[in-house]
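Listing of data_39.csv; format and content: CSV, C-alpha atoms (C1' of nucleotides).
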```csv
chain,number,residue,atom,x,y,z
A,10,MET,CA,-17.1,-4.6,-15.3
A,11,LYS,CA,-17.5,-1.3,-13.3
A,12,THR,CA,-15.3,1.7,-13.3
A,13,LEU,CA,-14.1,4.1,-10.7
A,14,ARG,CA,-12.5,7.5,-11.4
A,15,VAL,CA,-9.6,8.0,-9.1
A,16,SER,CA,-6.9,10.6,-8.4
A,17,ASP,CA,-3.9,10.3,-6.2
A,18,PHE,CA,-4.1,6.6,-6.4
A,19,SER,CA,-1.7,3.8,-7.4
A,20,LEU,CA,-3.2,0.4,-7.4
A,21,ALA,CA,0.2,-1.3,-7.7
A,22,SER,CA,1.9,0.6,-4.9
A,23,THR,CA,-1.1,0.1,-2.7
A,24,LEU,CA,-1.3,-3.6,-3.2
A,25,GLU,CA,2.4,-4.4,-3.4
A,26,SER,CA,3.4,-2.5,-0.3
A,27,GLY,CA,3.1,-5.4,2.1
A,28,GLN,CA,-0.2,-4.5,3.7
A,29,VAL,CA,-2.1,-7.4,2.1
A,30,PHE,CA,-1.0,-10.9,1.1
A,31,ARG,CA,-3.8,-12.6,-0.7
A,32,TYR,CA,-3.5,-11.1,-4.2
A,33,HIS,CA,-1.8,-11.8,-7.4
A,34,LEU,CA,-1.2,-10.0,-10.7
A,35,GLY,CA,-2.8,-11.9,-13.6
A,36,SER,CA,-3.0,-11.3,-17.3
A,37,GLY,CA,-3.9,-7.9,-18.8
A,38,GLY,CA,-2.6,-6.0,-15.7
A,39,PHE,CA,-5.5,-7.3,-13.6
A,40,TYR,CA,-5.0,-7.9,-9.9
A,41,CYS,CA,-7.1,-10.4,-8.1
A,42,VAL,CA,-7.4,-9.7,-4.4
A,43,VAL,CA,-9.3,-11.9,-1.9
A,44,ALA,CA,-10.5,-10.0,1.1
A,45,GLY,CA,-12.6,-12.1,3.5
A,46,ASN,CA,-15.2,-13.8,1.3
A,47,SER,CA,-15.0,-11.2,-1.4
A,48,ILE,CA,-12.9,-11.5,-4.6
A,49,ILE,CA,-12.0,-8.3,-6.4
A,50,LYS,CA,-10.5,-8.3,-9.9
A,51,LEU,CA,-9.2,-4.9,-10.8
A,52,GLN,CA,-6.9,-3.0,-13.1
A,53,GLN,CA,-5.7,0.6,-13.3
A,54,GLU,CA,-5.3,2.7,-16.4
A,55,GLY,CA,-4.4,6.3,-15.5
A,56,ASN,CA,-7.2,7.6,-13.3
A,57,ILE,CA,-9.6,4.8,-14.2
A,58,ILE,CA,-10.0,1.7,-12.1
A,59,ARG,CA,-11.9,-1.1,-13.9
A,60,TYR,CA,-13.1,-3.8,-11.5
A,61,ALA,CA,-15.5,-6.6,-10.8
A,62,CYS,CA,-16.3,-7.9,-7.4
A,63,SER,CA,-17.9,-11.2,-6.4
A,64,ASN,CA,-19.7,-9.6,-3.5
A,65,PRO,CA,-22.1,-6.7,-4.4
A,66,LYS,CA,-22.1,-5.6,-0.8
A,67,PHE,CA,-18.3,-5.2,-0.5
A,68,GLY,CA,-17.2,-1.6,-0.4
A,69,VAL,CA,-14.4,-1.5,-2.9
A,70,ALA,CA,-13.7,2.2,-2.6
A,71,ILE,CA,-13.5,2.0,1.2
A,72,PHE,CA,-11.2,-1.1,1.0
A,73,LEU,CA,-8.9,0.8,-1.4
A,74,GLY,CA,-8.7,3.8,0.9
A,75,LEU,CA,-10.2,6.1,-1.8
A,76,SER,CA,-12.2,8.0,0.8
A,77,HIS,CA,-9.0,9.4,2.4
A,78,ASP,CA,-8.2,13.1,1.9
A,79,TYR,CA,-5.0,12.1,0.2
A,80,GLY,CA,-3.7,15.6,-0.6
A,81,SER,CA,-4.1,16.8,3.0
A,82,ILE,CA,-2.6,13.7,4.5
A,83,MET,CA,0.5,13.9,2.2
A,84,LYS,CA,0.9,17.6,3.0
A,85,SER,CA,0.7,16.8,6.7
A,86,ILE,CA,3.4,14.1,6.7
A,87,SER,CA,5.7,15.9,4.3
A,88,LYS,CA,7.9,17.2,7.1
A,89,ASP,CA,11.3,16.8,5.4
A,90,GLU,CA,13.0,16.0,2.1
A,91,LYS,CA,13.5,12.3,2.9
A,92,ILE,CA,9.8,11.4,3.4
A,93,SER,CA,9.0,13.7,0.5
A,94,ALA,CA,11.2,11.7,-1.8
A,95,ALA,CA,9.6,8.4,-0.7
A,96,ILE,CA,6.1,9.9,-1.2
A,97,LYS,CA,7.1,11.1,-4.7
A,98,ALA,CA,8.6,7.6,-5.5
A,99,HIS,CA,5.4,5.8,-4.6
A,100,TYR,CA,2.8,8.5,-5.0
A,101,GLY,CA,-0.7,7.1,-4.8
A,102,LEU,CA,0.1,4.5,-2.2
A,103,ARG,CA,-2.9,4.3,0.1
A,104,ILE,CA,-3.6,2.5,3.4
A,105,LEU,CA,-6.2,-0.2,2.8
A,106,GLY,CA,-9.2,-0.8,5.0
A,107,GLN,CA,-9.0,-4.6,5.5
A,108,PRO,CA,-11.3,-7.0,7.3
A,109,VAL,CA,-10.1,-7.0,10.9
A,110,TRP,CA,-10.0,-10.7,11.5
A,111,GLU,CA,-8.2,-11.5,8.3
A,112,CYS,CA,-5.7,-8.7,9.0
A,113,THR,CA,-5.1,-10.0,12.5
A,114,ALA,CA,-4.6,-13.6,11.3
A,115,SER,CA,-2.3,-12.4,8.6
A,116,PHE,CA,0.0,-10.5,10.8
A,117,ILE,CA,0.0,-13.2,13.5
A,118,CYS,CA,1.5,-15.3,10.7
A,119,SER,CA,3.9,-12.6,9.6
A,120,SER,CA,6.0,-12.4,12.7
A,121,PHE,CA,9.6,-13.4,12.3
A,122,SER,CA,8.8,-14.6,8.7
A,123,ASN,CA,9.1,-13.3,5.2
A,124,ILE,CA,6.5,-12.2,2.7
A,125,PRO,CA,6.7,-15.1,0.2
A,126,ARG,CA,6.2,-17.5,3.1
A,127,ILE,CA,3.4,-15.5,4.7
A,128,LYS,CA,1.6,-15.6,1.4
A,129,ARG,CA,2.0,-19.4,1.2
A,130,CYS,CA,0.8,-19.9,4.8
A,131,LEU,CA,-2.3,-17.8,4.3
A,132,GLU,CA,-3.2,-19.5,1.0
A,133,SER,CA,-2.8,-22.8,2.9
A,134,VAL,CA,-5.0,-21.7,5.7
A,135,ALA,CA,-7.6,-20.5,3.2
A,136,ALA,CA,-7.5,-23.8,1.3
A,137,THR,CA,-7.7,-25.8,4.5
A,138,PHE,CA,-10.5,-23.9,6.3
A,139,GLY,CA,-12.0,-21.4,3.8
A,140,SER,CA,-15.1,-21.8,1.6
A,141,LYS,CA,-14.6,-22.7,-2.0
A,142,LEU,CA,-15.6,-20.0,-4.3
A,143,GLU,CA,-15.6,-19.4,-8.0
A,144,PHE,CA,-15.3,-16.1,-9.7
A,145,ASP,CA,-14.5,-15.2,-13.3
A,146,GLY,CA,-14.2,-18.9,-14.1
A,147,LEU,CA,-11.4,-19.3,-11.5
A,148,PRO,CA,-11.4,-21.1,-8.2
A,149,PHE,CA,-10.7,-19.2,-4.9
A,150,PHE,CA,-10.9,-19.9,-1.2
A,151,SER,CA,-12.4,-17.3,1.1
A,152,PHE,CA,-10.3,-16.4,4.2
A,153,PRO,CA,-11.9,-18.5,6.9
A,154,GLN,CA,-14.0,-16.9,9.6
A,155,PRO,CA,-12.5,-17.6,13.1
A,156,GLN,CA,-15.2,-20.3,13.7
A,157,GLN,CA,-14.1,-22.1,10.6
A,158,ILE,CA,-10.5,-22.7,12.0
A,159,SER,CA,-11.7,-25.7,13.8
A,160,SER,CA,-8.7,-28.0,14.0
A,161,LEU,CA,-5.3,-27.3,15.5
A,162,SER,CA,-3.7,-30.4,13.9
A,163,LYS,CA,-4.9,-29.2,10.5
A,164,LEU,CA,-3.7,-25.7,11.1
A,165,GLN,CA,-0.3,-27.1,12.0
A,166,LYS,CA,0.0,-28.5,8.5
A,167,CYS,CA,-0.2,-25.0,7.0
A,168,GLY,CA,3.4,-24.2,7.5
A,169,LEU,CA,2.9,-21.7,10.3
A,170,GLY,CA,5.4,-23.2,12.6
A,171,TYR,CA,5.1,-22.1,16.2
A,172,ARG,CA,2.5,-19.5,15.1
A,173,ALA,CA,-0.1,-22.1,14.5
A,174,LYS,CA,-1.1,-22.3,18.2
A,175,TYR,CA,-1.2,-18.5,18.4
A,176,LEU,CA,-3.6,-18.3,15.5
A,177,PHE,CA,-5.7,-21.1,16.8
A,178,GLU,CA,-6.1,-19.4,20.2
A,179,ALA,CA,-6.7,-16.1,18.6
A,180,ALA,CA,-9.4,-17.6,16.4
A,181,LYS,CA,-11.1,-19.0,19.5
A,182,ILE,CA,-11.1,-15.6,21.2
A,183,PHE,CA,-12.4,-13.9,18.0
A,184,SER,CA,-15.2,-16.5,17.7
A,185,GLY,CA,-17.1,-15.1,20.6
A,186,ASN,CA,-19.1,-12.5,18.8
A,187,SER,CA,-19.2,-10.3,21.9
A,188,SER,CA,-15.4,-10.6,22.3
A,189,GLY,CA,-14.8,-6.9,21.6
A,190,TYR,CA,-12.7,-7.4,18.5
A,191,SER,CA,-15.1,-6.2,15.9
A,192,LEU,CA,-14.2,-3.1,14.0
A,193,GLN,CA,-17.0,-1.2,15.7
A,194,GLN,CA,-15.8,-2.2,19.2
A,195,LEU,CA,-12.2,-1.4,18.5
A,196,ARG,CA,-13.1,2.0,16.9
A,197,LYS,CA,-14.8,3.0,20.1
A,198,LEU,CA,-11.5,2.9,21.9
A,199,SER,CA,-8.5,5.2,21.8
A,200,TYR,CA,-5.5,4.1,19.8
A,201,GLU,CA,-3.7,3.1,23.0
A,202,GLY,CA,-6.8,1.3,24.3
A,203,ALA,CA,-7.4,-0.6,21.1
A,204,LYS,CA,-3.7,-1.5,21.0
A,205,LYS,CA,-3.8,-2.9,24.5
A,206,ARG,CA,-6.9,-4.9,23.7
A,207,LEU,CA,-5.3,-6.4,20.6
A,208,MET,CA,-2.1,-7.2,22.5
A,209,GLU,CA,-4.1,-9.5,24.8
A,210,LEU,CA,-4.3,-11.9,21.8
A,211,PRO,CA,-1.6,-14.6,21.6
A,212,GLY,CA,1.0,-13.8,19.0
A,213,VAL,CA,0.1,-10.1,18.9
A,214,GLY,CA,2.8,-7.8,20.2
A,215,SER,CA,3.3,-4.2,19.7
A,216,LYS,CA,4.3,-4.4,16.0
A,217,VAL,CA,1.6,-6.8,14.9
A,218,ALA,CA,-1.0,-4.7,16.9
A,219,ASP,CA,0.1,-1.6,15.0
A,220,CYS,CA,-0.3,-3.3,11.7
A,221,ILE,CA,-3.8,-4.4,12.6
A,222,LEU,CA,-4.7,-0.9,13.8
A,223,LEU,CA,-3.3,0.8,10.8
A,224,PHE,CA,-4.4,-1.6,8.0
A,225,SER,CA,-7.9,-2.6,9.3
A,226,CYS,CA,-9.0,-0.2,12.0
A,227,GLY,CA,-8.3,3.3,10.7
A,228,PHE,CA,-5.8,4.3,13.4
A,229,TYR,CA,-3.4,6.2,11.3
A,230,GLU,CA,-1.2,7.1,14.2
A,231,ALA,CA,-0.2,3.5,14.5
A,232,PHE,CA,3.5,3.2,13.4
A,233,PRO,CA,4.6,-0.5,13.0
A,234,VAL,CA,8.3,-0.8,13.5
A,235,ASP,CA,9.8,-3.9,11.9
A,236,VAL,CA,13.4,-4.6,11.0
A,237,TRP,CA,13.1,-2.6,7.7
A,238,VAL,CA,11.5,0.4,9.3
A,239,MET,CA,13.9,0.3,12.2
A,240,ARG,CA,16.9,0.3,9.8
A,241,ALA,CA,15.5,3.0,7.6
A,242,MET,CA,14.5,5.3,10.5
A,243,VAL,CA,17.8,4.9,12.3
A,244,GLY,CA,19.6,5.5,9.0
A,245,GLN,CA,17.6,8.5,8.0
A,246,TYR,CA,16.7,10.1,11.3
A,247,GLY,CA,19.4,8.8,13.6
A,248,ASN,CA,20.5,12.1,15.0
A,249,GLU,CA,17.0,13.5,15.5
A,250,ILE,CA,16.0,10.2,17.2
A,251,LYS,CA,19.0,10.4,19.5
A,252,LYS,CA,18.0,13.9,20.5
A,253,PHE,CA,14.4,12.9,20.9
A,254,ALA,CA,15.3,9.9,23.1
A,255,ALA,CA,17.8,11.7,25.2
A,256,ALA,CA,20.6,9.5,23.9
A,257,LYS,CA,19.0,6.2,24.9
A,258,LYS,CA,19.5,3.5,22.3
A,259,PRO,CA,16.5,3.5,19.9
A,260,ASN,CA,14.0,0.7,20.4
A,261,GLU,CA,10.7,0.1,18.7
A,262,LYS,CA,8.8,2.4,21.1
A,263,ILE,CA,11.2,5.3,20.8
A,264,ILE,CA,11.1,5.1,17.0
A,265,ALA,CA,7.3,5.0,16.9
A,266,ASP,CA,7.0,7.9,19.4
A,267,PHE,CA,9.5,9.9,17.5
A,268,ALA,CA,7.6,9.2,14.3
A,269,ARG,CA,4.4,10.4,15.7
A,270,SER,CA,6.0,13.6,17.1
A,271,HIS,CA,7.7,14.2,13.7
A,272,PHE,CA,5.1,13.2,11.1
A,273,GLY,CA,1.9,13.9,13.2
A,274,LYS,CA,-1.3,12.0,13.4
A,275,TYR,CA,-0.9,10.3,10.1
A,276,ALA,CA,2.5,8.9,11.0
A,277,GLY,CA,1.2,5.4,9.9
A,278,TYR,CA,1.0,6.6,6.4
A,279,ALA,CA,4.6,7.8,6.5
A,280,GLN,CA,5.5,4.4,7.9
A,281,GLN,CA,4.1,2.7,4.8
A,282,PHE,CA,6.1,4.9,2.5
A,283,ILE,CA,9.2,4.3,4.5
A,284,TYR,CA,8.7,0.5,4.5
A,285,HIS,CA,7.8,0.3,0.9
A,286,ASP,CA,10.6,2.6,-0.2
A,287,ALA,CA,13.2,0.6,1.9
A,288,ARG,CA,12.0,-2.6,0.3
A,289,THR,CA,11.9,-1.5,-3.3
A,290,SER,CA,15.1,0.5,-3.4
A,291,ARG,CA,17.4,-2.4,-4.2
B,10,DC,C1',26.0,-24.8,7.1
B,11,DA,C1',25.3,-20.4,8.9
B,12,DC,C1',22.2,-16.6,8.5
B,13,DC,C1',17.8,-14.1,7.7
B,14,DA,C1',12.8,-13.3,7.5
B,15,DG,C1',7.1,-7.1,8.4
B,16,DG,C1',8.4,-10.4,16.4
B,17,DT,C1',6.6,-12.5,20.4
B,18,DA,C1',6.6,-14.8,24.8
B,19,DC,C1',9.1,-16.0,28.4
B,20,DT,C1',12.8,-15.6,31.7
B,21,DG,C1',16.0,-13.4,34.8
B,22,DT,C1',17.9,-9.1,36.6
C,15,DA,C1',10.9,-1.5,33.0
C,16,DC,C1',14.6,-3.7,30.4
C,17,DA,C1',17.8,-6.9,28.1
C,18,DG,C1',18.6,-11.7,26.6
C,19,DT,C1',17.0,-15.9,24.4
C,20,DA,C1',14.2,-19.7,22.2
C,21,DC,C1',11.2,-20.3,18.7
C,22,DA,C1',9.2,-23.4,13.4
C,23,DT,C1',10.2,-23.2,8.8
C,24,DG,C1',12.2,-22.4,4.4
C,25,DG,C1',15.1,-19.9,1.3
C,26,DT,C1',19.9,-18.3,0.1
```
Is it possible to express this structure as structure tokens?
Amino acid sequence: MKTLRVSDFSLASTLESGQVFRYHLGSGGFYCVVAGNSIIKLQQEGNIIRYACSNPKFGVAIFLGLSHDYGSIMKSISKDEKISAAIKAHYGLRILGQPVWECTASFICSSFSNIPRIKRCLESVAATFGSKLEFDGLPFFSFPQPQQISSLSKLQKCGLGYRAKYLFEAAKIFSGNSSGYSLQQLRKLSYEGAKKRLMELPGVGSKVADCILLFSCGFYEAFPVDVWVMRAMVGQYGNEIKKFAAAKKPNEKIIADFARSHFGKYAGYAQQFIYHDARTSR
DNA sequence: CACCAGGTACTGT
DNA sequence: ACAGTACATGGT
């Protein structure tokens, strides 16, 4: 068991804020997270993280967002009392750095669904196509590489509904290793360029692309607008948004553009507080 | 039995 | 460019 000294970090808020789906809270306050083919078991006590990871090459600290200059980011997005209250309520929530393909697949499955079902779908996909692993005496399945998702008919038995064919096609596109969807390739592009590239994938629209860019590509200006964020933003910033949009009715793009102008280049961080706060406040 | 769930693709104007 | 609608599935 290794330890990490942390500050400005909440393991629970980070994992439970809807960024990642393949985790569970086990005994002794230990979370088990599967990211790609790595299994991480970890627990927080104050500013100590105790952890073990199945893959010695996996960058746990990077995955957890511990390299971010948290104080500066929080200061930069703390533009009003509403966001400040959400930050205070979930202080230590960080944006993860997830594997790009798994994040893409996860949010293709997320569209027009709900979190318990998304989790079930992804576990089913992993059990069907992933590699069987054992860690800490327990069985796990890796999240399959795109090449491992080899059968549409099997994928259609994973409960994805109409998303199965989107995921299957996206896996085929990702499989080409010169497809341009690696983290390195996407990072070379601008936010808009990378978003356009991702939206060429079936099942990836504006919102899902922003989730991928934010949670796995380090584009913190990405501001995913789902129904929760839409409701919260209109509820809390309705008048300002109306002014910003010249009285047009707010749509996803207007909300996101307003958010970037209001919160700045780390608007995506603000989004995650707004989303998590909306979901956890009753 | 409606209605909803971290939206997207497709159609018609 | 923009609004309207179908879409698989499962839970309440």
d(atom CA of A:Glu90, atom CA of A:Phe282) in Å: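 So the answer is 13.1 Å.
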Pairwise distance, atom CA of A:Tyr284 with atom CA of A:Gln28, equals 10.2 Å
| field | All residues 12 Å or closer to stretch 135-145 of chain A, all atoms listed in the file, same chain fewer than 5 positions away omitted, as a ChimeraX atom specification | value | /A:10,30-31,39,41-51,60-64,111,114-115,128-130,150-168,177,180
Listing only residues of chain B within 12 Å of chain A, what is the closest atom pair and its distance in Å (to one decimal) for each, using only C-alpha atoms (C1' of nucleotides), sorted by chain and residue number ascending, as a tab-separated table?
```
residue	atom	partner	partner_atom	distance
B:DC13	C1'	A:Ser122	CA	9.1
B:DA14	C1'	A:Asn123	CA	4.4
B:DG15	C1'	A:Asp235	CA	5.5
B:DG16	C1'	A:Ser120	CA	4.8
B:DT17	C1'	A:Gly212	CA	5.9
B:DA18	C1'	A:Gly212	CA	8.1
```
Could you write out that same residue set with C-alpha atoms (C1' of nucleotides) as a PDB file, in the frame of the given file?
```
ATOM      1  C1'  DC B  13      17.800 -14.100   7.700  1.00  0.00           C
ATOM      2  C1'  DA B  14      12.800 -13.300   7.500  1.00  0.00           C
ATOM      3  C1'  DG B  15       7.100  -7.100   8.400  1.00  0.00           C
ATOM      4  C1'  DG B  16       8.400 -10.400  16.400  1.00  0.00           C
ATOM      5  C1'  DT B  17       6.600 -12.500  20.400  1.00  0.00           C
ATOM      6  C1'  DA B  18       6.600 -14.800  24.800  1.00  0.00           C
TER       7       DA B  18
END
```
Give the residues of chain C that lie within 8 Å of chain A; count all atoms listed in the file, and format the answer as a VMD selection string.
chain C and resid 21 to 24
Exercise for the section: State, in Å with one decimal place, the distance from atom CA of A:Phe228 to atom CA of A:Tyr32. Expected result: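 Computed distance, atom CA of A:Phe228 to atom CA of A:Tyr32, equals 23.5 Å.
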> At a cut-off of 9 Å from (12.5, 1.7, 27.5) in the coordinates of the file, what residues are picked up using only C-alpha atoms (C1' of nucleotides), written as a VMD selection string?
Replying inline: (chain A and resid 257 to 260 262 to 263) or (chain C and resid 15 to 16)
Report as a list in words all protein, DNA and RNA residues lying within 12 Å of C:DA17, evaluated on all atoms listed in the file, omitting residues in the same chain fewer than 3 positions from it.
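Result of the neighbour search: Asn260 of chain A; DT20, DG21 and DT22 of chain B.
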Write to file, as a PDB file, keeping the file's coordinate frame, the residues of the selection just made, with C-alpha atoms (C1' of nucleotides).
```
ATOM      1  CA  ASN A 260      14.000   0.700  20.400  1.00  0.00           C
TER       2      ASN A 260
ATOM      3  C1'  DT B  20      12.800 -15.600  31.700  1.00  0.00           C
ATOM      4  C1'  DG B  21      16.000 -13.400  34.800  1.00  0.00           C
ATOM      5  C1'  DT B  22      17.900  -9.100  36.600  1.00  0.00           C
TER       6       DT B  22
END
```
Hey, which of A:Ala95, A:Ala256, A:Val69, A:Ala265 ends up closest to A:Arg288? Count only C-alpha atoms.
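When distances to A:Arg288 are compared using only C-alpha atoms, the smallest one comes from A:Ala95.
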